[in-house]
Structures are given as structure tokens and as C-alpha cells.
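Novice: So here's data28.pdb (PDB, C-alpha atoms).
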ATOM      1  CA  GLN Y  12      37.833 -46.328 -80.130
ATOM      2  CA  LYS Y  13      34.812 -47.163 -78.053
ATOM      3  CA  GLU Y  14      34.565 -50.650 -76.652
ATOM      4  CA  VAL Y  15      31.031 -51.164 -77.914
ATOM      5  CA  GLU Y  16      29.420 -49.218 -80.719
ATOM      6  CA  GLN Y  17      25.824 -49.002 -81.799
ATOM      7  CA  ASN Y  18      23.972 -46.908 -84.308
ATOM      8  CA  SER Y  19      22.106 -44.428 -82.132
ATOM      9  CA  GLY Y  20      19.208 -44.251 -84.562
ATOM     10  CA  PRO Y  21      16.437 -43.428 -84.280
ATOM     11  CA  LEU Y  22      15.265 -46.488 -86.119
ATOM     12  CA  SER Y  23      11.647 -46.543 -87.214
ATOM     13  CA  VAL Y  24       9.836 -49.602 -88.508
ATOM     14  CA  PRO Y  25       6.162 -50.218 -89.225
ATOM     15  CA  GLU Y  26       4.193 -52.543 -86.997
ATOM     16  CA  GLY Y  27       4.648 -56.163 -88.036
ATOM     17  CA  ALA Y  28       8.014 -55.580 -89.708
ATOM     18  CA  ILE Y  29      11.405 -56.912 -88.653
ATOM     19  CA  ALA Y  30      13.596 -54.536 -86.679
ATOM     20  CA  SER Y  31      17.338 -55.122 -86.982
ATOM     21  CA  LEU Y  32      19.689 -53.698 -84.385
ATOM     22  CA  ASN Y  33      23.444 -53.952 -84.744
ATOM     23  CA  CYS Y  34      26.405 -53.717 -82.419
ATOM     24  CA  THR Y  35      30.162 -54.008 -82.896
ATOM     25  CA  TYR Y  36      32.798 -54.488 -80.249
ATOM     26  CA  SER Y  37      36.527 -53.964 -80.125
ATOM     27  CA  ASP Y  38      37.811 -56.652 -77.740
ATOM     28  CA  ARG Y  39      38.220 -59.786 -79.835
ATOM     29  CA  GLY Y  40      38.467 -61.919 -76.711
ATOM     30  CA  SER Y  41      35.026 -60.920 -75.424
ATOM     31  CA  GLN Y  42      33.042 -63.828 -74.134
ATOM     32  CA  SER Y  43      29.424 -62.919 -73.510
ATOM     33  CA  PHE Y  44      27.039 -60.561 -75.232
ATOM     34  CA  PHE Y  45      23.783 -59.128 -74.000
ATOM     35  CA  TRP Y  46      20.843 -57.145 -75.262
ATOM     36  CA  TYR Y  47      18.885 -54.938 -72.892
ATOM     37  CA  ARG Y  48      15.718 -52.977 -73.512
ATOM     38  CA  GLN Y  49      15.201 -49.673 -71.750
ATOM     39  CA  TYR Y  50      11.923 -47.815 -71.756
ATOM     40  CA  SER Y  51      12.032 -44.102 -71.139
ATOM     41  CA  GLY Y  52      12.447 -43.357 -67.454
ATOM     42  CA  LYS Y  53      12.993 -47.001 -66.557
ATOM     43  CA  SER Y  54      16.055 -49.126 -65.913
ATOM     44  CA  PRO Y  55      17.370 -51.615 -68.484
ATOM     45  CA  GLU Y  56      15.742 -55.022 -68.743
ATOM     46  CA  LEU Y  57      17.659 -58.064 -69.995
ATOM     47  CA  ILE Y  58      16.195 -59.482 -73.195
ATOM     48  CA  MET Y  59      18.767 -62.024 -74.291
ATOM     49  CA  PHE Y  60      22.338 -63.108 -73.980
ATOM     50  CA  ILE Y  61      24.484 -65.064 -76.405
ATOM     51  CA  TYR Y  62      27.984 -66.467 -76.157
ATOM     52  CA  SER Y  63      28.341 -68.856 -79.089
ATOM     53  CA  ASN Y  64      28.624 -67.978 -82.740
ATOM     54  CA  GLY Y  65      25.384 -68.251 -84.629
ATOM     55  CA  ASP Y  66      21.780 -67.499 -83.856
ATOM     56  CA  LYS Y  67      19.812 -67.764 -80.643
ATOM     57  CA  GLU Y  68      16.055 -67.421 -80.755
ATOM     58  CA  ASP Y  69      13.637 -66.545 -77.973
ATOM     59  CA  GLY Y  70      10.116 -65.855 -79.090
ATOM     60  CA  ARG Y  71      10.108 -62.875 -81.448
ATOM     61  CA  PHE Y  72      13.735 -62.079 -80.643
ATOM     62  CA  THR Y  73      16.804 -63.525 -82.340
ATOM     63  CA  ALA Y  74      20.332 -62.666 -81.313
ATOM     64  CA  GLN Y  75      23.104 -63.254 -83.827
ATOM     65  CA  LEU Y  76      26.787 -63.409 -82.969
ATOM     66  CA  ASN Y  77      29.750 -63.379 -85.315
ATOM     67  CA  LYS Y  78      32.953 -63.337 -83.311
ATOM     68  CA  ALA Y  79      35.194 -63.269 -86.383
ATOM     69  CA  SER Y  80      33.584 -60.020 -87.498
ATOM     70  CA  GLN Y  81      33.096 -58.801 -83.934
ATOM     71  CA  TYR Y  82      29.466 -57.986 -84.270
ATOM     72  CA  VAL Y  83      26.294 -58.973 -82.549
ATOM     73  CA  SER Y  84      22.803 -58.167 -83.694
ATOM     74  CA  LEU Y  85      19.245 -58.388 -82.454
ATOM     75  CA  LEU Y  86      16.298 -59.067 -84.724
ATOM     76  CA  ILE Y  87      12.777 -58.371 -83.562
ATOM     77  CA  ARG Y  88      10.155 -60.083 -85.687
ATOM     78  CA  ASP Y  89       6.557 -58.920 -85.936
ATOM     79  CA  SER Y  90       7.495 -55.647 -84.262
ATOM     80  CA  GLN Y  91       4.884 -54.179 -81.953
ATOM     81  CA  PRO Y  92       4.431 -50.605 -80.720
ATOM     82  CA  SER Y  93       5.310 -51.913 -77.252
ATOM     83  CA  ASP Y  94       8.781 -52.727 -78.597
ATOM     84  CA  SER Y  95       9.451 -49.007 -78.938
ATOM     85  CA  ALA Y  96      12.373 -48.399 -76.594
ATOM     86  CA  THR Y  97      16.118 -47.959 -76.504
ATOM     87  CA  TYR Y  98      18.064 -51.156 -76.994
ATOM     88  CA  LEU Y  99      21.441 -51.458 -75.314
ATOM     89  CA  CYS Y 100      24.144 -53.842 -76.412
ATOM     90  CA  ALA Y 101      26.494 -54.996 -73.665
ATOM     91  CA  VAL Y 102      29.688 -56.992 -73.834
ATOM     92  CA  ASN Y 103      31.382 -58.892 -71.049
ATOM     93  CA  PRO Y 104      35.032 -59.226 -72.019
ATOM     94  CA  SER Y 105      35.981 -61.698 -69.334
ATOM     95  CA  ARG Y 106      34.870 -65.218 -68.519
ATOM     96  CA  THR Y 107      35.521 -64.693 -64.820
ATOM     97  CA  GLY Y 108      34.659 -61.065 -64.202
ATOM     98  CA  ASN Y 109      31.279 -59.478 -64.706
ATOM     99  CA  GLN Y 110      32.044 -55.890 -65.638
ATOM    100  CA  PHE Y 111      30.166 -54.931 -68.747
ATOM    101  CA  TYR Y 112      30.794 -52.441 -71.498
ATOM    102  CA  PHE Y 113      27.626 -50.857 -72.827
ATOM    103  CA  GLY Y 114      26.920 -49.273 -76.156
ATOM    104  CA  THR Y 115      25.130 -45.956 -76.248
ATOM    105  CA  GLY Y 116      21.910 -47.635 -77.343
ATOM    106  CA  THR Y 117      19.678 -47.584 -80.411
ATOM    107  CA  SER Y 118      16.310 -45.910 -80.180
ATOM    108  CA  LEU Y 119      13.590 -47.956 -81.878
ATOM    109  CA  THR Y 120      10.138 -46.673 -82.749
ATOM    110  CA  VAL Y 121       7.505 -49.071 -84.063
ATOM    111  CA  ILE Y 122       4.857 -47.167 -85.961
ATOM    112  CA  PRO Y 123       1.298 -48.524 -85.659
TER     113      PRO Y 123
ATOM    114  CA  GLY W 206      15.938 -63.877 -63.869
ATOM    115  CA  ALA W 207      17.456 -62.624 -60.676
ATOM    116  CA  VAL W 208      15.782 -59.752 -58.866
ATOM    117  CA  VAL W 209      17.525 -56.579 -57.808
ATOM    118  CA  SER W 210      15.757 -53.940 -55.786
ATOM    119  CA  GLN W 211      16.616 -50.326 -55.072
ATOM    120  CA  HIS W 212      15.382 -47.952 -52.437
ATOM    121  CA  PRO W 213      14.200 -45.276 -52.600
ATOM    122  CA  SER W 214      12.773 -45.125 -56.104
ATOM    123  CA  TRP W 215      12.884 -41.360 -56.048
ATOM    124  CA  VAL W 216      14.170 -38.708 -53.691
ATOM    125  CA  ILE W 217      14.110 -34.939 -53.600
ATOM    126  CA  CYS W 218      16.548 -33.183 -51.327
ATOM    127  CA  LYS W 219      18.005 -29.790 -50.633
ATOM    128  CA  SER W 220      21.426 -28.810 -51.860
ATOM    129  CA  GLY W 221      24.135 -29.735 -49.365
ATOM    130  CA  THR W 222      22.400 -32.745 -47.881
ATOM    131  CA  SER W 223      23.477 -36.362 -48.242
ATOM    132  CA  VAL W 224      21.365 -39.077 -49.808
ATOM    133  CA  LYS W 225      21.764 -42.822 -49.381
ATOM    134  CA  ILE W 226      20.568 -45.280 -52.021
ATOM    135  CA  GLU W 227      20.315 -48.994 -51.293
ATOM    136  CA  CYS W 228      20.716 -51.803 -53.788
ATOM    137  CA  ARG W 229      19.736 -55.325 -52.825
ATOM    138  CA  SER W 230      19.972 -58.657 -54.583
ATOM    139  CA  LEU W 231      16.820 -60.423 -53.447
ATOM    140  CA  ASP W 232      17.293 -64.034 -54.486
ATOM    141  CA  PHE W 233      21.011 -64.425 -54.997
ATOM    142  CA  GLN W 234      24.306 -63.357 -53.539
ATOM    143  CA  ALA W 235      26.413 -60.813 -55.365
ATOM    144  CA  THR W 236      30.070 -60.298 -54.538
ATOM    145  CA  THR W 237      30.105 -57.495 -57.062
ATOM    146  CA  MET W 238      27.536 -54.834 -57.803
ATOM    147  CA  PHE W 239      27.770 -51.917 -60.173
ATOM    148  CA  TRP W 240      26.535 -48.359 -59.872
ATOM    149  CA  TYR W 241      25.540 -46.373 -62.933
ATOM    150  CA  ARG W 242      24.304 -42.877 -63.537
ATOM    151  CA  GLN W 243      22.172 -41.833 -66.455
ATOM    152  CA  PHE W 244      21.291 -38.299 -67.461
ATOM    153  CA  PRO W 245      18.201 -37.659 -69.632
ATOM    154  CA  LYS W 246      18.534 -39.025 -73.149
ATOM    155  CA  GLN W 247      22.077 -40.216 -72.478
ATOM    156  CA  SER W 248      23.566 -43.641 -72.094
ATOM    157  CA  LEU W 249      24.462 -45.423 -68.895
ATOM    158  CA  MET W 250      27.669 -44.264 -67.297
ATOM    159  CA  LEU W 251      29.437 -46.677 -64.999
ATOM    160  CA  MET W 252      30.400 -44.886 -61.821
ATOM    161  CA  ALA W 253      31.953 -47.614 -59.716
ATOM    162  CA  THR W 254      32.236 -51.295 -59.009
ATOM    163  CA  SER W 255      31.171 -52.261 -55.520
ATOM    164  CA  ASN W 256      33.068 -55.186 -54.051
ATOM    165  CA  GLU W 257      31.793 -57.050 -51.013
ATOM    166  CA  GLY W 258      34.189 -56.702 -48.117
ATOM    167  CA  SER W 259      36.613 -54.375 -49.854
ATOM    168  CA  LYS W 260      36.881 -50.902 -51.286
ATOM    169  CA  ALA W 261      34.920 -49.927 -54.335
ATOM    170  CA  THR W 262      36.650 -49.319 -57.630
ATOM    171  CA  TYR W 263      35.749 -45.956 -59.129
ATOM    172  CA  GLU W 264      35.765 -45.008 -62.779
ATOM    173  CA  GLN W 265      37.915 -42.155 -63.926
ATOM    174  CA  GLY W 266      36.379 -38.802 -63.139
ATOM    175  CA  VAL W 267      34.093 -40.074 -60.371
ATOM    176  CA  GLU W 268      34.906 -38.573 -56.984
ATOM    177  CA  LYS W 269      35.134 -41.333 -54.413
ATOM    178  CA  ASP W 270      34.739 -38.905 -51.514
ATOM    179  CA  LYS W 271      31.514 -37.597 -52.972
ATOM    180  CA  PHE W 272      29.989 -40.925 -53.951
ATOM    181  CA  LEU W 273      30.567 -43.234 -51.012
ATOM    182  CA  ILE W 274      29.977 -46.914 -51.648
ATOM    183  CA  ASN W 275      29.611 -49.564 -48.993
ATOM    184  CA  HIS W 276      29.124 -53.231 -49.839
ATOM    185  CA  ALA W 277      28.748 -54.674 -46.373
ATOM    186  CA  SER W 278      27.082 -57.953 -47.284
ATOM    187  CA  LEU W 279      26.574 -60.244 -50.236
ATOM    188  CA  THR W 280      23.109 -58.851 -50.838
ATOM    189  CA  LEU W 281      23.436 -55.136 -50.097
ATOM    190  CA  SER W 282      25.400 -52.251 -51.548
ATOM    191  CA  THR W 283      24.763 -48.613 -50.706
ATOM    192  CA  LEU W 284      25.656 -45.457 -52.576
ATOM    193  CA  THR W 285      25.728 -42.227 -50.592
ATOM    194  CA  VAL W 286      25.794 -38.969 -52.487
ATOM    195  CA  THR W 287      27.409 -36.577 -50.059
ATOM    196  CA  SER W 288      26.742 -32.833 -50.070
ATOM    197  CA  ALA W 289      24.504 -33.197 -53.075
ATOM    198  CA  HIS W 290      24.210 -30.355 -55.554
ATOM    199  CA  PRO W 291      21.766 -29.758 -58.408
ATOM    200  CA  GLU W 292      24.252 -31.136 -60.934
ATOM    201  CA  ASP W 293      24.054 -34.470 -59.104
ATOM    202  CA  SER W 294      20.403 -34.777 -60.092
ATOM    203  CA  SER W 295      20.227 -37.898 -62.202
ATOM    204  CA  PHE W 296      18.903 -41.439 -62.487
ATOM    205  CA  TYR W 297      21.067 -43.787 -60.432
ATOM    206  CA  ILE W 298      20.881 -47.486 -61.263
ATOM    207  CA  CYS W 299      22.602 -50.446 -59.693
ATOM    208  CA  SER W 300      23.150 -53.849 -61.191
ATOM    209  CA  ALA W 301      24.251 -57.219 -59.924
ATOM    210  CA  GLY W 302      24.900 -60.627 -61.344
ATOM    211  CA  GLU W 303      25.285 -64.166 -60.165
ATOM    212  CA  GLY W 304      28.537 -64.489 -62.051
ATOM    213  CA  TYR W 305      29.820 -67.471 -63.987
ATOM    214  CA  PRO W 306      28.935 -68.990 -66.373
ATOM    215  CA  HIS W 307      27.016 -66.339 -68.240
ATOM    216  CA  ASN W 308      27.599 -63.282 -66.084
ATOM    217  CA  GLU W 309      24.210 -61.745 -66.817
ATOM    218  CA  GLN W 310      23.701 -58.489 -65.004
ATOM    219  CA  PHE W 311      20.305 -57.561 -63.691
ATOM    220  CA  PHE W 312      19.392 -53.983 -63.022
ATOM    221  CA  GLY W 313      17.527 -52.503 -60.137
ATOM    222  CA  PRO W 314      14.591 -50.245 -60.962
ATOM    223  CA  GLY W 315      16.672 -47.121 -60.437
ATOM    224  CA  THR W 316      16.537 -44.131 -58.124
ATOM    225  CA  ARG W 317      15.685 -40.717 -59.469
ATOM    226  CA  LEU W 318      17.495 -38.058 -57.471
ATOM    227  CA  THR W 319      16.477 -34.426 -57.668
ATOM    228  CA  VAL W 320      18.568 -31.904 -55.785
ATOM    229  CA  LEU W 321      16.941 -28.526 -55.319
TER     230      LEU W 321
END
Now that the file is in, can you turn its structure into C-alpha cells?
Specialist:
Amino acid sequence: QKEVEQNSGPLSVPEGAIASLNCTYSDRGSQSFFWYRQYSGKSPELIMFIYSNGDKEDGRFTAQLNKASQYVSLLIRDSQPSDSATYLCAVNPSRTGNQFYFGTGTSLTVIP
Amino acid sequence: GAVVSQHPSWVICKSGTSVKIECRSLDFQATTMFWYRQFPKQSLMLMATSNEGSKATYEQGVEKDKFLINHASLTLSTLTVTSAHPEDSSFYICSAGEGYPHNEQFFGPGTRLTVL
């Protein structure tokens, strides 16, 4: 079983719609959760992190964490073509260490 | 967020030569840095964990004698691909974090290596 699993997609949404990206993880004791965006040919860029159950909003992005169900999601409201990228979910299982486990990423395409 | 730089951003070399890639944390100190490799249309693959002042920890299947890592200071880690071959052509990315409490990792811009 992989540590972090994501639907590889591709996921296509029309411009202005809500894009929903999901991620599950296997280590129940995981502490911190991160979403990265990676454009083709570029390195990943941190979008958000979350470590408490519930929702965390930052502009058009909302991260949702449910530790009991071991899933974390990212919602992108009012999706724009510039949001088209691969989104990587990352989990940090330890409060003291900083090694991450990455999912394989979900490819998102926002159609104008 | 914290800034991580990499140099060079791209390199082309002949088969059999060695290539050194630098990763620097510009505005923070990092006792640990990570080196990843990414082939086209594939996910990140963690190669090794670079520890300041001690030996790197390599992931299973990564040859430590081929991918030499040196973390000589709190702001610099280097990855040397020794005797590079065409199959080593890839996108190499480092990351670093400030640590507790949130342990965010920030990625360098990556180095694209092409071995002819």
C-alpha cells in the first residue's frame, strides 16, 4: 500500500467551476499535510498546508482535512486556465522530522 | 515562504563525466535537505536525505557511490552525479525546510540534466 494516494486524473473542469482534488494517506499518525502545484517542466510550488481537522481557506483555495478518514482534499474555486497543472499531495508523518511522502499527483486542466 | 536556489538550472554533458548540482537555502538554515529526481510525466522520486555534518541517507535502489551528496554547511548541499550516462538524464530537484512546527518543504527550481 502506498503511503499517499491520489487519483492521477486527468481532471478537467470548465473555467469558473470548482475543482476538487482528493488524497488519502495510510499513516494514521501523520501530522502535517501539504498541497503543491507543479507546472510542466517546473519544480513544485507550495500552495497550502493544513494540520488540524476541518477547513483552511486561502483565497480561492480551501484545504480540508479529516484525520479519522485519513483524507485531505483541495478545492479550487473559480478555476482559471492558469490553475492547469499537476497537484501533489504530501504528508509529513512526524512532528519532529521533515521527510515527506508524496502522492503521484493529479493532473488538472481548466478549460476556457 | 523560504527561498531555495539551485545551480545550474540546466546542464548538458558527455557520457562519463561528472556533474555537480548545488542547492542553497537563501534565507534560512536547513539541517536537512532532500534530493529528488523526476522523469518526464512521472512523479517525484526521493533519492536521498542530505544531513548537515553527517552522511546522507539514500533511498533503496539509489547508488550512493554514483550520486554523491555533501552537506557541508547549513545552507548548502551538493549532489554530484559521477560518471553520468544517458539514463541519468532527468530533472533533479532539491528541497529544504525550516523544520518545526509545520515542516513545510520548499523546492528549488530544479536542474535539468542531459547526458549525451
Novice: How would you write, as a list in words, the residues chosen by the PyMOL selection byres ((chain Y and resi 20) around 9) on this structure?
Specialist: Gln17, Asn18, Ser19, Pro21, Leu22, Ser23, Gly116, Thr117, Ser118 and Leu119 of chain Y
Novice: Counting all atoms listed in the file, a student should be able to say which residues of chain Y come within 9 Å of chain W; what is the right answer, written as a list in words?
Specialist: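 The answer, sorted by residue number, is Gln42, Ser43, Phe44, Phe45, Ser51, Gly52, Lys53, Ser54, Pro55, Glu56, Leu57, Phe60, Ile61, Tyr62, Leu99, Asn103, Arg106, Thr107, Gly108, Asn109, Gln110, Phe111, Tyr112, Phe113, Gly114, Thr115 and Gly116 of chain Y.
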Novice: Can I get the selection written as a compact mmCIF listing (two decimals), in the frame of the given file, with C-alpha atoms?
Specialist:
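Result written to result.txt:
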# COMPACT_ATOMS: atom_id res chain seq x y z
CA GLN Y 42 33.04 -63.83 -74.13
CA SER Y 43 29.42 -62.92 -73.51
CA PHE Y 44 27.04 -60.56 -75.23
CA PHE Y 45 23.78 -59.13 -74.00
CA SER Y 51 12.03 -44.10 -71.14
CA GLY Y 52 12.45 -43.36 -67.45
CA LYS Y 53 12.99 -47.00 -66.56
CA SER Y 54 16.06 -49.13 -65.91
CA PRO Y 55 17.37 -51.62 -68.48
CA GLU Y 56 15.74 -55.02 -68.74
CA LEU Y 57 17.66 -58.06 -70.00
CA PHE Y 60 22.34 -63.11 -73.98
CA ILE Y 61 24.48 -65.06 -76.40
CA TYR Y 62 27.98 -66.47 -76.16
CA LEU Y 99 21.44 -51.46 -75.31
CA ASN Y 103 31.38 -58.89 -71.05
CA ARG Y 106 34.87 -65.22 -68.52
CA THR Y 107 35.52 -64.69 -64.82
CA GLY Y 108 34.66 -61.06 -64.20
CA ASN Y 109 31.28 -59.48 -64.71
CA GLN Y 110 32.04 -55.89 -65.64
CA PHE Y 111 30.17 -54.93 -68.75
CA TYR Y 112 30.79 -52.44 -71.50
CA PHE Y 113 27.63 -50.86 -72.83
CA GLY Y 114 26.92 -49.27 -76.16
CA THR Y 115 25.13 -45.96 -76.25
CA GLY Y 116 21.91 -47.64 -77.34
Novice: Need to verify the contact set: Leu318 (chain W), 8 Å, all atoms listed in the file, exclusion of same-chain residues closer than 5 positions in sequence. Can you return it as an NGL selection string?
Specialist: :W and (215-218 or 293-297)
Novice: Just give me the gap between CA of Ala79 (chain Y) and CA of Gln49 (chain Y) in Å, one decimal is fine.
Specialist: 28.3 Å
Novice: Convert the output of the PyMOL selection byres ((chain Y and resi 71-75) around 7) on the shown file into explicit residues, formatted as a PyMOL selection string.
Specialist: chain Y and resi 61+65-70+76-77+83-89
